[in-house]
Amino acid sequence: MTALGVDHPIVLALLPLALAPIFFSALRASRIPSLDAAPVDALSRSVDVALKALGVAAIGASLFGVAGPYLPGVEFERQGEGAEIVILIDRSGSMNETFAGRSPSGGEESKASAAKRILRAFVDNRRRDLVGVAGFSTSPMLLMPMSDHLDAVAAAIAAIDRPGLDYTNIGRGLAMALSMFRPGAPDRSRAILLLSDGAGMIDPRFGDDLRAEFEKVNADLYWLFLRTAGSAGIYDKPEPEFDTPQAAPERHLDLFFKSLGVPYRAFEVESASAIEDAIRQIDHLERHPIRYVEKRPRDDLRALFFSIALGSTLLLLLAKSGEVRIFAPGRSA
């Protein structure tokens with residue numbers, strides 16, 4: 001059984017005052033001798049006890065209300081479908097262009113705006129996930145730590161179409177995404193969803209660190225390459241003399257991801273509808289049985305106790321209004 005708690009326990013030191021109505025009556029005393037001679041009837045005794053009880057309830061409930069009573073929140077372990085997902089978003093300036101490589105005009109939608117709209121629907125459809133959001137350009141940016149408060153996650157996603165910088169430091173972004181997963185729980189389903197319209201080079205020494213972290217975290221990796229019209233693709237193989245990370249960064253980043261030893265899948269998309277199709281596939285792939293903890297917030301009981309105090313006081317006022325003054329014979333008002 002959940003124990004009752006209070007925010008201000010010092011107020012409860014005044015609770016003995018609630019017993020005052022038992023010893024003192026708010027009703028007018030009568031000096032008429034004949035009343036003492038009248039037999040005590042059960043109804044009068046019941047009314048007397050009820051009025052005292054209402055007085056105790058009015059004072060006691062008021063004090064409890066001021067003390068701030070509550071029932072503590074509880075946690076329930078439940079079974080469902082979902083995963084721990086980190087959404088890692090490219091915040092470079094080119095994301096604010098359309099898939100045609102120009103600034104949006106008229107009814108056109110930038111790559112960042114399309115991603116924001118589609119990711120919001122993706123998160124809304126996965127109510128049992130733990131989701132974190134990070135961005136990267138020159139440096140990584142933590143937008144939302146891993147959380148099951150999906151309204152806050154949606155607010156972080158809503159900020160991804162703000163103007164960004166030019167440089168794409170994808171290695172540091174991946175390092176931040178990996179650091180967002182909670183330690184332990186090796187059996188938990190985890191995934192990084194990377195959205196980028198370009199690829200940066202990863203230093204070989206830093207690549208070894210990333211490889212070790214991926215092995216430790218055991219997270220699936222999905223890369224949505226938002227390809228601009230006319231730009232090089234992931235699977236475009238140049239001439240051997242130009243097949244270098246500097247000349248073909250997208251192709252070599254894909255090769256690096258394939259060497260990580262974790263489940264990896266790349267999607268080369270060239271329109272908003274292609275993003276939706278890729279996200280739909282990821283949504284289907286990342287549905288695994290998981291155990292999660294559902295938290296119920298604490299219940300504030302102040303309104304309940306103040307309502308009891310108000311109701312008791314109103315009944316006492318009603319009883320007081322029904323009080324009749326009786327005068328002794330021969331004595332004037």
# chains A, B, ... in the order shown; residues from 1 in each chain; ligands from 1
$ select_by_dssp --residues "region 99-296 of chain A" --states "strand (DSSP E or B)" --output "number ranges by chain"
A: 130-136, 140-147, 165, 190-196, 220-226, 264-269, 288-296
$ write_last_selection --atoms "N, CA and C atoms" --output "short mmCIF file (atom, residue, chain, number, x, y, z; two decimals), in the first residue's frame"
data_model
loop_
_atom_site.label_atom_id
_atom_site.label_comp_id
_atom_site.auth_asym_id
_atom_site.auth_seq_id
_atom_site.Cartn_x
_atom_site.Cartn_y
_atom_site.Cartn_z
N LEU A 130 12.51 4.72 -25.97
CA LEU A 130 13.33 5.76 -25.36
C LEU A 130 14.08 6.42 -26.49
N VAL A 131 13.92 7.73 -26.64
CA VAL A 131 14.47 8.43 -27.81
C VAL A 131 15.35 9.59 -27.35
N GLY A 132 16.51 9.71 -27.98
CA GLY A 132 17.39 10.85 -27.77
C GLY A 132 17.63 11.53 -29.11
N VAL A 133 17.96 12.81 -29.07
CA VAL A 133 18.19 13.58 -30.31
C VAL A 133 19.51 14.33 -30.18
N ALA A 134 20.35 14.22 -31.19
CA ALA A 134 21.62 14.96 -31.23
C ALA A 134 21.80 15.50 -32.65
N GLY A 135 22.58 16.57 -32.75
CA GLY A 135 22.90 17.14 -34.04
C GLY A 135 24.40 17.30 -34.17
N PHE A 136 24.87 17.56 -35.36
CA PHE A 136 26.30 17.78 -35.55
C PHE A 136 26.52 18.66 -36.76
N PRO A 140 29.44 18.41 -32.20
CA PRO A 140 28.18 17.73 -31.87
C PRO A 140 27.35 18.58 -30.93
N MET A 141 26.03 18.42 -31.00
CA MET A 141 25.11 19.18 -30.16
C MET A 141 24.08 18.23 -29.57
N LEU A 142 24.00 18.21 -28.24
CA LEU A 142 22.98 17.41 -27.57
C LEU A 142 21.68 18.19 -27.56
N LEU A 143 20.67 17.70 -28.27
CA LEU A 143 19.38 18.39 -28.35
C LEU A 143 18.38 17.84 -27.34
N MET A 144 18.45 16.53 -27.06
CA MET A 144 17.54 15.92 -26.09
C MET A 144 18.16 14.61 -25.61
N PRO A 145 18.45 14.48 -24.31
CA PRO A 145 18.97 13.20 -23.82
C PRO A 145 17.94 12.10 -23.94
N MET A 146 18.38 10.88 -23.78
CA MET A 146 17.48 9.73 -23.91
C MET A 146 16.31 9.88 -22.95
N SER A 147 15.09 9.81 -23.48
CA SER A 147 13.92 10.08 -22.66
C SER A 147 12.70 9.36 -23.21
N LEU A 165 25.74 25.30 -39.69
CA LEU A 165 27.06 25.69 -40.17
C LEU A 165 27.45 24.82 -41.37
N ARG A 190 18.78 -1.46 -29.54
CA ARG A 190 19.29 -0.10 -29.66
C ARG A 190 19.60 0.22 -31.11
N ALA A 191 19.43 1.49 -31.48
CA ALA A 191 19.67 1.88 -32.86
C ALA A 191 20.05 3.34 -32.93
N ILE A 192 20.91 3.66 -33.90
CA ILE A 192 21.24 5.05 -34.23
C ILE A 192 20.67 5.32 -35.61
N LEU A 193 19.87 6.38 -35.71
CA LEU A 193 19.27 6.78 -36.98
C LEU A 193 19.97 8.06 -37.44
N LEU A 194 20.87 7.92 -38.41
CA LEU A 194 21.69 9.03 -38.90
C LEU A 194 21.07 9.62 -40.15
N LEU A 195 20.80 10.93 -40.12
CA LEU A 195 20.31 11.65 -41.28
C LEU A 195 21.35 12.67 -41.69
N SER A 196 21.85 12.54 -42.92
CA SER A 196 22.88 13.45 -43.39
C SER A 196 22.80 13.57 -44.90
N ASP A 220 22.31 -1.00 -33.57
CA ASP A 220 22.14 -1.03 -35.02
C ASP A 220 22.38 0.38 -35.56
N LEU A 221 22.78 0.47 -36.82
CA LEU A 221 23.05 1.76 -37.44
C LEU A 221 22.29 1.86 -38.76
N TYR A 222 21.52 2.96 -38.89
CA TYR A 222 20.80 3.25 -40.13
C TYR A 222 21.26 4.62 -40.63
N TRP A 223 21.68 4.66 -41.89
CA TRP A 223 22.13 5.92 -42.48
C TRP A 223 21.17 6.31 -43.59
N LEU A 224 20.47 7.43 -43.38
CA LEU A 224 19.63 8.00 -44.43
C LEU A 224 20.46 9.10 -45.11
N PHE A 225 20.98 8.77 -46.29
CA PHE A 225 21.77 9.73 -47.05
C PHE A 225 20.84 10.54 -47.92
N LEU A 226 20.63 11.80 -47.55
CA LEU A 226 19.73 12.68 -48.28
C LEU A 226 20.50 13.28 -49.46
N TYR A 264 23.91 -2.91 -40.00
CA TYR A 264 23.98 -1.59 -40.64
C TYR A 264 23.21 -1.63 -41.96
N ARG A 265 22.50 -0.54 -42.22
CA ARG A 265 21.78 -0.43 -43.47
C ARG A 265 21.78 1.02 -43.92
N ALA A 266 22.06 1.25 -45.19
CA ALA A 266 22.08 2.60 -45.75
C ALA A 266 20.89 2.78 -46.69
N PHE A 267 20.31 3.99 -46.65
CA PHE A 267 19.21 4.34 -47.54
C PHE A 267 19.63 5.61 -48.30
N GLU A 268 19.70 5.52 -49.60
CA GLU A 268 20.01 6.69 -50.42
C GLU A 268 18.70 7.27 -50.90
N VAL A 269 18.32 8.43 -50.37
CA VAL A 269 17.00 9.00 -50.67
C VAL A 269 17.18 10.34 -51.38
N HIS A 288 10.93 -4.66 -31.38
CA HIS A 288 11.34 -5.86 -30.67
C HIS A 288 10.66 -5.88 -29.30
N PRO A 289 10.41 -7.07 -28.76
CA PRO A 289 9.85 -7.14 -27.41
C PRO A 289 10.83 -6.53 -26.40
N ILE A 290 10.36 -5.63 -25.59
CA ILE A 290 11.19 -5.02 -24.56
C ILE A 290 10.40 -4.91 -23.27
N ARG A 291 11.14 -4.85 -22.19
CA ARG A 291 10.55 -4.54 -20.90
C ARG A 291 10.87 -3.08 -20.61
N TYR A 292 9.87 -2.34 -20.19
CA TYR A 292 10.09 -0.93 -19.88
C TYR A 292 9.34 -0.60 -18.59
N VAL A 293 9.79 0.46 -17.97
CA VAL A 293 9.20 0.91 -16.72
C VAL A 293 8.32 2.12 -16.99
N GLU A 294 7.06 2.00 -16.62
CA GLU A 294 6.12 3.11 -16.77
C GLU A 294 5.96 3.80 -15.42
N LYS A 295 6.18 5.08 -15.41
CA LYS A 295 6.11 5.85 -14.16
C LYS A 295 4.78 6.58 -14.06
N ARG A 296 4.11 6.41 -12.93
CA ARG A 296 2.90 7.18 -12.67
C ARG A 296 3.26 8.32 -11.74
#
$ residues_around --residues "Ala112 (chain A)" --least-positions-apart "5" --cutoff "12 Å" --atoms "only C-alpha atoms" --output "number ranges by chain"
A: 89-99, 103-104, 117-119, 135, 157-164, 195-197, 226, 271-272, 275
$ atom_distance --atom1 "CA of Gly230 (chain A)" --atom2 "CA of Ala100 (chain A)"
8.2 Å
$ closest_residue --among "A:Met180, A:Val262, A:Ala115, A:Met201" --to "Thr168 (chain A)" --atoms "only C-alpha atoms"
A:Met201
